[in-house]
Structure formats: structure tokens, C-alpha cells
file work-v6.pdb (PDB, C-alpha atoms and all ligand atoms)
ATOM      1  CA  MET U   1     222.317 136.767  47.129
ATOM      2  CA  ASN U   2     224.307 133.729  45.962
ATOM      3  CA  GLU U   3     225.179 134.692  42.414
ATOM      4  CA  ILE U   4     225.808 137.910  40.539
ATOM      5  CA  ARG U   5     226.166 138.696  36.821
ATOM      6  CA  ILE U   6     228.160 141.802  36.024
ATOM      7  CA  PHE U   7     229.308 143.956  33.093
ATOM      8  CA  CYS U   8     233.030 144.745  33.192
ATOM      9  CA  PRO U   9     233.787 147.623  30.786
ATOM     10  CA  ALA U  10     236.822 148.185  28.574
ATOM     11  CA  THR U  11     239.116 151.077  29.526
ATOM     12  CA  ILE U  12     241.868 153.216  28.026
ATOM     13  CA  ALA U  13     244.913 153.710  30.213
ATOM     14  CA  ASN U  14     247.542 156.465  29.978
ATOM     15  CA  VAL U  15     245.376 158.787  27.812
ATOM     16  CA  SER U  16     248.631 160.001  26.180
ATOM     17  CA  CYS U  17     250.263 162.052  28.931
ATOM     18  CA  GLY U  18     249.298 159.992  32.022
ATOM     19  CA  PHE U  19     251.441 156.850  31.812
ATOM     20  CA  ASP U  20     250.366 154.501  34.634
ATOM     21  CA  VAL U  21     248.409 157.306  36.363
ATOM     22  CA  LEU U  22     245.358 158.102  34.209
ATOM     23  CA  GLY U  23     242.614 156.019  32.621
ATOM     24  CA  LEU U  24     239.074 156.353  31.278
ATOM     25  CA  CYS U  25     236.104 154.012  31.112
ATOM     26  CA  LEU U  26     234.225 153.073  27.913
ATOM     27  CA  GLU U  27     230.508 152.364  27.534
ATOM     28  CA  ASN U  28     228.842 149.397  25.835
ATOM     29  CA  PHE U  29     231.957 147.338  25.292
ATOM     30  CA  GLY U  30     233.211 144.906  27.876
ATOM     31  CA  ASP U  31     233.092 141.411  29.352
ATOM     32  CA  GLU U  32     230.428 139.648  31.354
ATOM     33  CA  MET U  33     231.258 137.713  34.480
ATOM     34  CA  ILE U  34     229.223 135.550  36.823
ATOM     35  CA  ILE U  35     230.466 135.116  40.371
ATOM     36  CA  ALA U  36     228.734 132.526  42.568
ATOM     37  CA  ARG U  37     229.126 131.589  46.217
ATOM     38  CA  THR U  38     230.159 127.999  46.936
ATOM     39  CA  GLU U  39     230.300 125.985  50.147
ATOM     40  CA  THR U  40     233.867 124.925  49.381
ATOM     41  CA  LYS U  41     236.303 127.646  50.416
ATOM     42  CA  GLY U  42     238.693 129.196  47.908
ATOM     43  CA  ILE U  43     238.433 130.350  44.300
ATOM     44  CA  ARG U  44     237.578 128.175  41.319
ATOM     45  CA  ILE U  45     237.480 129.340  37.702
ATOM     46  CA  LYS U  46     234.387 127.532  36.442
ATOM     47  CA  GLU U  47     234.167 128.605  32.819
ATOM     48  CA  ILE U  48     235.870 130.912  30.316
ATOM     49  CA  THR U  49     234.355 131.682  26.919
ATOM     50  CA  GLY U  50     235.727 133.949  24.198
ATOM     51  CA  ALA U  51     239.409 133.483  25.091
ATOM     52  CA  ASN U  52     241.931 130.797  25.823
ATOM     53  CA  LEU U  53     243.048 131.675  29.363
ATOM     54  CA  PRO U  54     244.349 129.641  32.321
ATOM     55  CA  MET U  55     241.687 127.831  34.381
ATOM     56  CA  ASP U  56     243.985 127.548  37.408
ATOM     57  CA  ALA U  57     243.026 130.467  39.694
ATOM     58  CA  LYS U  58     246.672 131.079  40.642
ATOM     59  CA  HIS U  59     247.544 131.695  36.980
ATOM     60  CA  ASN U  60     244.450 133.646  35.991
ATOM     61  CA  VAL U  61     244.225 137.438  36.552
ATOM     62  CA  ALA U  62     240.653 137.208  37.900
ATOM     63  CA  GLY U  63     241.721 134.305  40.115
ATOM     64  CA  VAL U  64     244.790 136.109  41.482
ATOM     65  CA  ALA U  65     242.803 139.268  42.280
ATOM     66  CA  ALA U  66     240.068 137.158  43.912
ATOM     67  CA  LEU U  67     242.619 135.191  45.976
ATOM     68  CA  ALA U  68     244.229 138.429  47.195
ATOM     69  CA  PHE U  69     240.817 139.738  48.242
ATOM     70  CA  ILE U  70     239.609 136.610  50.074
ATOM     71  CA  GLU U  71     242.923 136.483  51.931
ATOM     72  CA  LYS U  72     241.841 139.794  53.487
ATOM     73  CA  LEU U  73     238.139 138.925  53.935
ATOM     74  CA  ASN U  74     238.626 135.305  55.018
ATOM     75  CA  PRO U  75     234.992 134.296  54.366
ATOM     76  CA  ASP U  76     233.880 130.792  55.454
ATOM     77  CA  PHE U  77     232.656 130.039  51.934
ATOM     78  CA  GLY U  78     234.234 130.218  48.478
ATOM     79  CA  PHE U  79     233.526 131.520  44.976
ATOM     80  CA  GLU U  80     233.199 130.197  41.431
ATOM     81  CA  ILE U  81     234.009 132.575  38.598
ATOM     82  CA  SER U  82     232.709 132.396  35.010
ATOM     83  CA  ILE U  83     234.288 134.793  32.535
ATOM     84  CA  HIS U  84     232.777 135.638  29.160
ATOM     85  CA  LYS U  85     235.430 137.627  27.316
ATOM     86  CA  LYS U  86     234.680 140.155  24.610
ATOM     87  CA  ILE U  87     237.770 142.313  25.190
ATOM     88  CA  LYS U  88     240.666 140.528  23.523
ATOM     89  CA  ALA U  89     243.835 139.905  25.536
ATOM     90  CA  GLY U  90     246.726 142.090  24.394
ATOM     91  CA  SER U  91     244.410 144.651  22.737
ATOM     92  CA  GLY U  92     245.341 147.647  24.913
ATOM     93  CA  ILE U  93     241.818 148.318  26.140
ATOM     94  CA  GLY U  94     241.991 146.732  29.548
ATOM     95  CA  SER U  95     241.195 143.060  29.040
ATOM     96  CA  SER U  96     243.014 141.824  32.156
ATOM     97  CA  ALA U  97     241.731 144.798  34.185
ATOM     98  CA  ALA U  98     238.097 143.966  33.357
ATOM     99  CA  SER U  99     238.584 140.404  34.626
ATOM    100  CA  ALA U 100     240.525 141.379  37.750
ATOM    101  CA  ALA U 101     238.117 144.165  38.693
ATOM    102  CA  GLY U 102     235.076 141.987  37.933
ATOM    103  CA  ALA U 103     236.268 139.243  40.266
ATOM    104  CA  VAL U 104     236.780 141.511  43.290
ATOM    105  CA  PHE U 105     233.636 143.550  42.595
ATOM    106  CA  GLY U 106     231.517 140.372  42.425
ATOM    107  CA  ILE U 107     232.986 138.932  45.623
ATOM    108  CA  ASN U 108     232.529 142.238  47.437
ATOM    109  CA  ALA U 109     228.855 142.354  46.381
ATOM    110  CA  LEU U 110     228.239 138.735  47.454
ATOM    111  CA  CYS U 111     229.775 139.537  50.856
ATOM    112  CA  GLY U 112     227.475 142.567  51.392
ATOM    113  CA  TYR U 113     229.920 145.298  50.302
ATOM    114  CA  PRO U 114     232.411 145.268  53.196
ATOM    115  CA  ILE U 115     234.685 147.719  51.310
ATOM    116  CA  SER U 116     234.260 150.502  48.722
ATOM    117  CA  ASN U 117     235.026 150.229  45.011
ATOM    118  CA  LYS U 118     237.961 152.582  45.565
ATOM    119  CA  GLU U 119     239.401 150.193  48.140
ATOM    120  CA  LEU U 120     238.873 147.278  45.710
ATOM    121  CA  VAL U 121     241.396 148.857  43.321
ATOM    122  CA  TYR U 122     244.290 147.517  45.427
ATOM    123  CA  TYR U 123     243.107 143.885  45.101
ATOM    124  CA  ALA U 124     242.289 144.186  41.393
ATOM    125  CA  MET U 125     245.827 145.520  40.873
ATOM    126  CA  GLN U 126     247.230 142.191  42.058
ATOM    127  CA  GLY U 127     245.650 140.582  38.990
ATOM    128  CA  GLU U 128     247.230 143.244  36.789
ATOM    129  CA  ALA U 129     250.602 142.399  38.285
ATOM    130  CA  LEU U 130     250.241 138.841  36.962
ATOM    131  CA  ALA U 131     249.350 140.119  33.474
ATOM    132  CA  SER U 132     251.959 142.848  33.088
ATOM    133  CA  GLY U 133     254.623 142.267  35.729
ATOM    134  CA  THR U 134     253.708 145.540  37.496
ATOM    135  CA  PRO U 135     250.648 146.210  39.683
ATOM    136  CA  HIS U 136     249.452 149.328  37.817
ATOM    137  CA  SER U 137     245.913 150.620  38.406
ATOM    138  CA  ASP U 138     245.230 152.986  35.514
ATOM    139  CA  ASN U 139     242.846 150.416  33.969
ATOM    140  CA  VAL U 140     241.298 148.806  37.070
ATOM    141  CA  ALA U 141     240.530 152.199  38.695
ATOM    142  CA  PRO U 142     238.319 153.452  35.806
ATOM    143  CA  VAL U 143     236.637 150.003  35.568
ATOM    144  CA  LEU U 144     235.696 150.175  39.254
ATOM    145  CA  LEU U 145     234.966 153.923  39.510
ATOM    146  CA  GLY U 146     233.864 154.873  35.977
ATOM    147  CA  GLY U 147     234.781 158.126  34.200
ATOM    148  CA  PHE U 148     238.380 159.306  34.300
ATOM    149  CA  ALA U 149     240.465 158.095  37.245
ATOM    150  CA  LEU U 150     243.803 159.588  38.295
ATOM    151  CA  VAL U 151     246.279 157.620  40.388
ATOM    152  CA  ARG U 152     247.839 160.466  42.350
ATOM    153  CA  SER U 153     250.009 158.032  44.295
ATOM    154  CA  TYR U 154     250.719 154.288  44.404
ATOM    155  CA  THR U 155     252.255 154.259  47.902
ATOM    156  CA  PRO U 156     249.938 154.916  49.566
ATOM    157  CA  LEU U 157     247.312 154.275  46.915
ATOM    158  CA  ASP U 158     245.390 157.511  46.272
ATOM    159  CA  ILE U 159     242.867 157.469  43.427
ATOM    160  CA  ILE U 160     240.939 160.562  42.356
ATOM    161  CA  SER U 161     237.850 160.568  40.124
ATOM    162  CA  ILE U 162     238.058 163.347  37.530
ATOM    163  CA  PRO U 163     234.912 164.815  35.910
ATOM    164  CA  SER U 164     234.713 165.145  32.131
ATOM    165  CA  PRO U 165     232.628 167.187  29.674
ATOM    166  CA  SER U 166     229.427 165.488  28.536
ATOM    167  CA  ASP U 167     230.179 165.853  24.811
ATOM    168  CA  LEU U 168     233.539 164.080  24.960
ATOM    169  CA  TYR U 169     233.659 160.926  22.797
ATOM    170  CA  VAL U 170     236.258 158.234  22.306
ATOM    171  CA  THR U 171     237.093 156.474  19.060
ATOM    172  CA  VAL U 172     239.279 153.413  19.451
ATOM    173  CA  ILE U 173     240.609 151.210  16.676
ATOM    174  CA  HIS U 174     242.014 147.785  17.474
ATOM    175  CA  PRO U 175     244.267 146.285  14.796
ATOM    176  CA  GLN U 176     243.874 142.566  15.511
ATOM    177  CA  ILE U 177     247.420 141.751  16.497
ATOM    178  CA  GLU U 178     248.309 140.861  20.068
ATOM    179  CA  LEU U 179     250.749 143.078  21.961
ATOM    180  CA  LYS U 180     251.406 141.843  25.490
ATOM    181  CA  THR U 181     251.647 144.613  28.098
ATOM    182  CA  LYS U 182     254.701 142.851  29.557
ATOM    183  CA  ASP U 183     256.497 143.150  26.195
ATOM    184  CA  ALA U 184     255.337 146.743  25.616
ATOM    185  CA  ARG U 185     256.720 147.634  29.066
ATOM    186  CA  SER U 186     260.029 145.864  28.518
ATOM    187  CA  VAL U 187     261.026 148.309  25.736
ATOM    188  CA  LEU U 188     260.651 151.360  28.009
ATOM    189  CA  LYS U 189     263.583 153.200  29.562
ATOM    190  CA  GLU U 190     264.126 153.312  33.340
ATOM    191  CA  ASN U 191     265.153 156.987  33.366
ATOM    192  CA  ILE U 192     263.820 160.039  31.579
ATOM    193  CA  PRO U 193     265.480 163.391  30.845
ATOM    194  CA  LEU U 194     264.296 166.327  32.992
ATOM    195  CA  LYS U 195     263.257 168.299  29.874
ATOM    196  CA  LYS U 196     260.853 165.549  28.834
ATOM    197  CA  ALA U 197     259.469 165.181  32.379
ATOM    198  CA  ILE U 198     258.666 168.910  32.392
ATOM    199  CA  ILE U 199     256.735 168.643  29.120
ATOM    200  CA  GLN U 200     254.829 165.576  30.358
ATOM    201  CA  CYS U 201     253.899 167.212  33.692
ATOM    202  CA  GLY U 202     252.634 170.326  31.904
ATOM    203  CA  ASN U 203     250.423 168.267  29.610
ATOM    204  CA  LEU U 204     249.021 166.061  32.375
ATOM    205  CA  GLY U 205     248.132 169.133  34.417
ATOM    206  CA  GLY U 206     246.611 170.710  31.293
ATOM    207  CA  LEU U 207     244.528 167.638  30.503
ATOM    208  CA  ILE U 208     243.145 167.395  34.051
ATOM    209  CA  SER U 209     242.362 171.112  34.024
ATOM    210  CA  GLY U 210     240.667 170.837  30.605
ATOM    211  CA  LEU U 211     238.516 167.938  31.862
ATOM    212  CA  TYR U 212     237.408 169.933  34.925
ATOM    213  CA  THR U 213     236.601 173.078  32.965
ATOM    214  CA  SER U 214     235.207 171.430  29.777
ATOM    215  CA  ASP U 215     237.891 173.242  27.773
ATOM    216  CA  TYR U 216     238.061 171.065  24.659
ATOM    217  CA  GLY U 217     240.903 173.105  23.165
ATOM    218  CA  LEU U 218     243.013 172.583  26.269
ATOM    219  CA  ILE U 219     242.175 168.854  26.294
ATOM    220  CA  GLY U 220     243.344 168.637  22.676
ATOM    221  CA  ARG U 221     246.584 170.584  23.257
ATOM    222  CA  SER U 222     247.388 168.395  26.237
ATOM    223  CA  LEU U 223     246.957 165.044  24.469
ATOM    224  CA  HIS U 224     250.658 164.670  23.842
ATOM    225  CA  ASP U 225     252.915 161.908  25.118
ATOM    226  CA  GLU U 226     256.555 162.960  25.298
ATOM    227  CA  LEU U 227     257.785 159.831  27.079
ATOM    228  CA  ILE U 228     256.192 156.581  25.981
ATOM    229  CA  GLU U 229     254.623 157.038  22.551
ATOM    230  CA  PRO U 230     257.900 157.706  20.703
ATOM    231  CA  ILE U 231     259.210 154.341  21.949
ATOM    232  CA  ARG U 232     256.107 152.171  21.665
ATOM    233  CA  SER U 233     254.649 153.571  18.454
ATOM    234  CA  VAL U 234     257.035 151.501  16.301
ATOM    235  CA  LEU U 235     255.171 148.397  17.546
ATOM    236  CA  ILE U 236     251.878 149.636  16.052
ATOM    237  CA  PRO U 237     251.064 149.261  12.344
ATOM    238  CA  ASN U 238     250.551 152.599  10.531
ATOM    239  CA  PHE U 239     250.653 154.520  13.813
ATOM    240  CA  ASN U 240     251.626 157.844  12.243
ATOM    241  CA  GLN U 241     248.949 157.487   9.558
ATOM    242  CA  LEU U 242     246.343 156.754  12.251
ATOM    243  CA  LYS U 243     247.322 159.883  14.179
ATOM    244  CA  GLN U 244     247.264 161.982  11.020
ATOM    245  CA  ALA U 245     243.826 160.603  10.108
ATOM    246  CA  ALA U 246     242.487 161.482  13.567
ATOM    247  CA  ALA U 247     243.860 165.025  13.330
ATOM    248  CA  ASP U 248     242.558 165.545   9.769
ATOM    249  CA  SER U 249     239.054 164.395  10.733
ATOM    250  CA  GLY U 250     238.800 166.947  13.527
ATOM    251  CA  ALA U 251     239.625 164.862  16.627
ATOM    252  CA  LEU U 252     241.013 166.778  19.597
ATOM    253  CA  GLY U 253     243.980 164.423  19.803
ATOM    254  CA  SER U 254     244.988 160.770  19.730
ATOM    255  CA  GLY U 255     247.488 158.307  21.088
ATOM    256  CA  ILE U 256     248.211 154.706  22.021
ATOM    257  CA  ALA U 257     245.426 153.059  24.035
ATOM    258  CA  GLY U 258     247.136 151.601  27.099
ATOM    259  CA  SER U 259     250.126 149.609  25.925
ATOM    260  CA  GLY U 260     248.637 149.182  22.414
ATOM    261  CA  PRO U 261     248.177 148.061  19.712
ATOM    262  CA  SER U 262     244.810 149.886  19.884
ATOM    263  CA  VAL U 263     244.905 153.593  19.089
ATOM    264  CA  PHE U 264     242.371 156.017  20.579
ATOM    265  CA  ALA U 265     241.207 159.519  19.697
ATOM    266  CA  LEU U 266     239.125 161.967  21.724
ATOM    267  CA  SER U 267     236.583 164.177  19.955
ATOM    268  CA  GLN U 268     234.036 166.807  20.809
ATOM    269  CA  GLY U 269     230.716 165.301  19.733
ATOM    270  CA  VAL U 270     229.691 161.931  18.389
ATOM    271  CA  VAL U 271     229.628 163.118  14.756
ATOM    272  CA  THR U 272     233.337 163.962  14.826
ATOM    273  CA  ALA U 273     234.046 160.685  16.644
ATOM    274  CA  GLN U 274     232.311 158.822  13.794
ATOM    275  CA  LYS U 275     234.255 160.758  11.132
ATOM    276  CA  THR U 276     237.443 159.918  13.007
ATOM    277  CA  ALA U 277     236.471 156.233  13.042
ATOM    278  CA  GLN U 278     236.023 156.300   9.264
ATOM    279  CA  ALA U 279     239.338 158.090   8.721
ATOM    280  CA  MET U 280     241.231 155.733  11.037
ATOM    281  CA  ALA U 281     239.719 152.694   9.319
ATOM    282  CA  GLU U 282     240.977 154.026   5.969
ATOM    283  CA  ALA U 283     244.416 154.680   7.447
ATOM    284  CA  LEU U 284     244.756 151.017   8.371
ATOM    285  CA  GLN U 285     243.368 149.547   5.158
ATOM    286  CA  ASP U 286     246.658 149.083   3.266
ATOM    287  CA  THR U 287     248.032 146.868   6.056
ATOM    288  CA  ASN U 288     245.373 144.185   5.415
ATOM    289  CA  ILE U 289     245.254 143.688   9.186
ATOM    290  CA  PRO U 290     241.668 143.114  10.339
ATOM    291  CA  PHE U 291     240.459 145.627  12.904
ATOM    292  CA  GLU U 292     237.578 146.522  15.195
ATOM    293  CA  ILE U 293     236.400 150.051  15.930
ATOM    294  CA  HIS U 294     234.424 151.294  18.928
ATOM    295  CA  ILE U 295     232.886 154.717  19.441
ATOM    296  CA  SER U 296     231.925 155.537  22.995
ATOM    297  CA  ALA U 297     230.963 158.309  25.347
ATOM    298  CA  ILE U 298     232.785 158.335  28.686
ATOM    299  CA  ASN U 299     231.098 155.788  30.952
ATOM    300  CA  PRO U 300     230.482 157.592  34.241
ATOM    301  CA  GLN U 301     229.367 154.509  36.165
ATOM    302  CA  GLY U 302     231.947 151.863  35.319
ATOM    303  CA  ILE U 303     231.351 148.271  36.358
ATOM    304  CA  LYS U 304     227.680 147.371  36.918
ATOM    305  CA  ILE U 305     225.402 144.594  38.060
ATOM    306  CA  LEU U 306     223.292 143.029  35.290
ATOM    307  CA  SER U 307     221.359 140.583  37.447
TER     308      SER U 307
HETATM  309  N1  LIG P   1     249.862 151.951  31.968
HETATM  310  C1  LIG P   1     249.934 150.616  31.434
HETATM  311  C2  LIG P   1     251.005 150.598  30.363
HETATM  312  C3  LIG P   1     248.608 150.249  30.852
HETATM  313  O1  LIG P   1     250.987 151.482  29.509
HETATM  314  O2  LIG P   1     251.849 149.703  30.383
HETATM  315  C4  LIG P   1     248.558 148.860  30.281
HETATM  316  O3  LIG P   1     247.317 148.694  29.604
END

call {"tool": "encode", "arguments": {"input": "work-v6.pdb", "output": "C-alpha cells"}}
result
Amino acid sequence: MNEIRIFCPATIANVSCGFDVLGLCLENFGDEMIIARTETKGIRIKEITGANLPMDAKHNVAGVAALAFIEKLNPDFGFEISIHKKIKAGSGIGSSAASAAGAVFGINALCGYPISNKELVYYAMQGEALASGTPHSDNVAPVLLGGFALVRSYTPLDIISIPSPSDLYVTVIHPQIELKTKDARSVLKENIPLKKAIIQCGNLGGLISGLYTSDYGLIGRSLHDELIEPIRSVLIPNFNQLKQAAADSGALGSGIAGSGPSVFALSQGVVTAQKTAQAMAEALQDTNIPFEIHISAINPQGIKILS
């Protein structure tokens, strides 16, 4: 195999109470990438469509992740990467993660799968570090593993796949303004009060338990972010109205998708997810900001080969 075409899905990091440690994978919305083997060693970004991103591999998230990976593999050939972006940069639904994960997944496949997708997370994270200043893996892990992924530890890296109920649906609305993860991280505080940490730990444990036991009520009660949302929500147009709309339409809960500006809601059943989409669209109308909405089941597979 000399060339591979892959689908790199969008993801939602944090899922309210799991800042930097929890993410989920969406279906049907994502980028396409083509990775090809070349005789010349190294990494070359051949083509990017759908976004204006750096062509120099050292300044491109896919390129940086790929360079980190080939430094380990040291193959006696190189790779050309073509990136066809659908996920907008700065949208909060894992644009840089899709590119970084796609690059290492494609290279791994073209080398005969020397390491597992779980082990690829480390290399994909190096691309995330370029995009956000911090090598977080709560987007790249669900891209590479599908479903919900929990980062139990960063040092050493310990990623756990979490099951989820089959009738769980995501609604995500993307107001078309760009919010860079780097900027959304720079407003956060270094330290948190013990009282808030206790509330956050309780909710994260509750959410994981609800996912394991298909307890939708528990999932809903646990979708609360005590730490990050109160700070970042001011950066998102009509955030409180969006949350209210999600609650009124029967969603289990809602919050900021990744670092925003997208806002997600979880619902039991696709019908409620569609009602929530309608209500959230109405909640954003008076801003005159254009938006996109996606409704998705949880994608259990994650990244996949198209051809
Ligand atoms: N956990 C990261 C953050 C996700 O919230 O900054 C970025 O998409």
C-alpha cells in the first residue's frame, strides 16, 4: 500500500465536567486526508483545501505530529500529506486534532501498523501542542479510538475507552466566529478552590458511571462544569440562551464544545436531539451570526480508512 485516504471525525472535548480529560467522537462530520509514501525522506504537506493553513510541515499540526512519529519510526522513505478540511479551525470541535490524528494514523497504516491507535495518541498530541500551546489529548484520543475516551493520566499517558448508551445523541451548534484554543486557555486560572474541585470530581465520576450504566438521568445531572464554563462562556454569543434552549427542549444537558465557540447538548434519542437543534438555532437568531448545526450519534469507531 502506497497511499491511503482516511476520514478524520470531529470530536467534542471536555464534555462539561472533564476539562482536558474527556472527549467524544462524532459521526458523519470530519475531514478527509490522503497520506502517500514518497521516496524522499521526511514530511511534505502537498495540498490543503477548505482552510488557509501553513504548508510548512514544521508549522502545520498534521506536519508536526507526523514529524514526531517518523522520528520514532525512522523509515527509509517519506510521506506526502493532503488535507481536505471540513472542520473549521477555531470551531471547538477538534479541527487540529482531526489533522494531527489523521497524519499519524495514515503513516502508521502505510508502515504496516507498527503501533496501536492508543499509542498513536502521544504523537498526535504533539500536533495539538502546536495549535493550543499544551499537548492535550481529549480530542485526539476520541478521534483515534472512537466513542468516549478518558485521559486518566498524562504522565504516563493512560487512555481509557468508555462505553456509552446506544440512544445517546449529540447536537452541536457552531456560531461562525473563530475562537483560538490558545486564547480560550489563556483566560483560565492556574489554581482552583477545593470546593469547586470537589464538585467537578463528583460530576466527572457521575458522568462516567452514567455512561457505563446507561443511566440517562445521571448523565444529565452530571453535565455540569464548575471550573471552566463560568470563565469561558462570556466569549460565546448568547451562551445562556443556548443552554436554556437545550434544557427547555428536553436535552439531558449542554455545555461548551471543547474551547468553544461551539455549544453541544446531549439528548436521549434522535427526536429530542433534533428538537434541541431547532431550539438552539432560534436562540442564536437575534445575533445575526451565521451558524452550522450537526446532529450525531456517538461514533464508536473513530477514524477510518476510506480507500
Ligand atoms: N481541553 C481543551 C480545552 C480542548 O478546553 O482547551 C480544546 O479543544

call {"tool": "resolve_selection", "arguments": {"input": "work-v6.pdb", "expression": "the PyMOL selection byres (((not hetatm)) within 8 of (chain P and resi 1))", "output": "MDAnalysis selection string"}}
result
chainID U and resid 12:14 19:22 92:94 132 136:139 181:182 184:185 257:260

call {"tool": "closest_residue", "arguments": {"input": "work-v6.pdb", "among": "U:Lys304, U:Lys189, U:Lys41, U:Lys46", "to": "Gly146 in chain U", "atoms": "all atoms listed in the file"}}
result
U:Lys304

call {"tool": "closest_residue", "arguments": {"input": "work-v6.pdb", "among": "U:Pro230, U:Pro175, U:Gly206, U:Gly112", "to": "Met280 in chain U", "atoms": "all atoms listed in the file"}}
result
U:Pro175

call {"tool": "resolve_selection", "arguments": {"input": "work-v6.pdb", "expression": "the PyMOL selection byres (((chain U and resi 56) around 12) and not hetatm)", "output": "list in words"}}
result
Gly42, Ile43, Arg44, Ile45, Lys46, Glu47, Ile48, Leu53, Pro54, Met55, Ala57, Lys58, His59, Asn60, Val61, Ala62, Gly63, Val64, Leu67, Glu80 and Ile81 of chain U

call {"tool": "atom_distance", "arguments": {"input": "work-v6.pdb", "atom1": "CA of Phe77 in chain U", "atom2": "CA of Val143 in chain U"}}
result
26.1 Å

call {"tool": "closest_residue", "arguments": {"input": "work-v6.pdb", "among": "U:Cys17, U:Ala98, U:Val263, U:Leu110", "to": "Gly202 in chain U", "atoms": "all atoms listed in the file"}}
result
U:Cys17

call {"tool": "resolve_selection", "arguments": {"input": "work-v6.pdb", "expression": "the PyMOL selection byres (((chain U and resi 283) around 12) and not hetatm)", "output": "PyMOL selection string"}}
result
chain U and resi 173+175+237-249+263+276-282+284-289+291

call {"tool": "closest_residue", "arguments": {"input": "work-v6.pdb", "among": "U:Ala36, U:Ile87, U:Cys201, U:Ile177", "to": "Ala109 in chain U", "atoms": "all atoms listed in the file"}}
result
U:Ala36

call {"tool": "closest_residue", "arguments": {"input": "work-v6.pdb", "among": "U:Leu120, U:Met33, U:Leu306, U:Leu227", "to": "Pro193 in chain U", "atoms": "all atoms listed in the file"}}
result
U:Leu227

call {"tool": "residues_near_point", "arguments": {"input": "work-v6.pdb", "point": "(247.1, 165.0, 26.6)", "cutoff": "8 Å", "atoms": "only C-alpha atoms", "output": "PyMOL selection string"}}
result
chain U and resi 15-18+203-204+206-207+219-225+253

call {"tool": "closest_residue", "arguments": {"input": "work-v6.pdb", "among": "U:Ile83, U:Val270, U:Ile298, U:Ala124", "to": "Ala51 in chain U", "atoms": "only C-alpha atoms"}}
result
U:Ile83

call {"tool": "atom_distance", "arguments": {"input": "work-v6.pdb", "atom1": "CA of Met125 in chain U", "atom2": "CA of Leu194 in chain U"}}
result
28.9 Å

call {"tool": "residues_around", "arguments": {"input": "work-v6.pdb", "residues": "Tyr169 in chain U", "least_positions_apart": "6", "cutoff": "8 Å", "atoms": "all atoms listed in the file", "output": "short mmCIF file (atom, residue, chain, number, x, y, z; two decimals) with C-alpha atoms, keeping the file's coordinate frame"}}
result
data_model
loop_
_atom_site.label_atom_id
_atom_site.label_comp_id
_atom_site.auth_asym_id
_atom_site.auth_seq_id
_atom_site.Cartn_x
_atom_site.Cartn_y
_atom_site.Cartn_z
CA LEU U 266 239.12 161.97 21.72
CA SER U 267 236.58 164.18 19.95
CA GLN U 268 234.04 166.81 20.81
CA GLY U 269 230.72 165.30 19.73
CA VAL U 270 229.69 161.93 18.39
CA ALA U 273 234.05 160.68 16.64
CA ILE U 295 232.89 154.72 19.44
CA SER U 296 231.92 155.54 23.00
CA ALA U 297 230.96 158.31 25.35
CA ILE U 298 232.78 158.34 28.69
#

call {"tool": "axis_aligned_box", "arguments": {"input": "work-v6.pdb", "around": "range 249-253 of chain U", "padding_each_side": "3 Å", "output": "lines of an AutoDock Vina configuration file"}}
result
center_x = 241.4
center_y = 165.7
center_z = 15.3
size_x = 11.2
size_y = 8.6
size_z = 15.1

call {"tool": "residues_around", "arguments": {"input": "work-v6.pdb", "residues": "range 208-213 of chain U", "least_positions_apart": "5", "cutoff": "6 Å", "atoms": "only C-alpha atoms", "output": "mmCIF file with C-alpha atoms, in the frame of the given file"}}
result
data_model
loop_
_atom_site.group_PDB
_atom_site.id
_atom_site.type_symbol
_atom_site.label_atom_id
_atom_site.label_comp_id
_atom_site.auth_asym_id
_atom_site.auth_seq_id
_atom_site.Cartn_x
_atom_site.Cartn_y
_atom_site.Cartn_z
ATOM 1 C CA PRO U 163 234.912 164.815 35.910
ATOM 2 C CA SER U 164 234.713 165.145 32.131
ATOM 3 C CA LEU U 218 243.013 172.583 26.269
ATOM 4 C CA ILE U 219 242.175 168.854 26.294
#
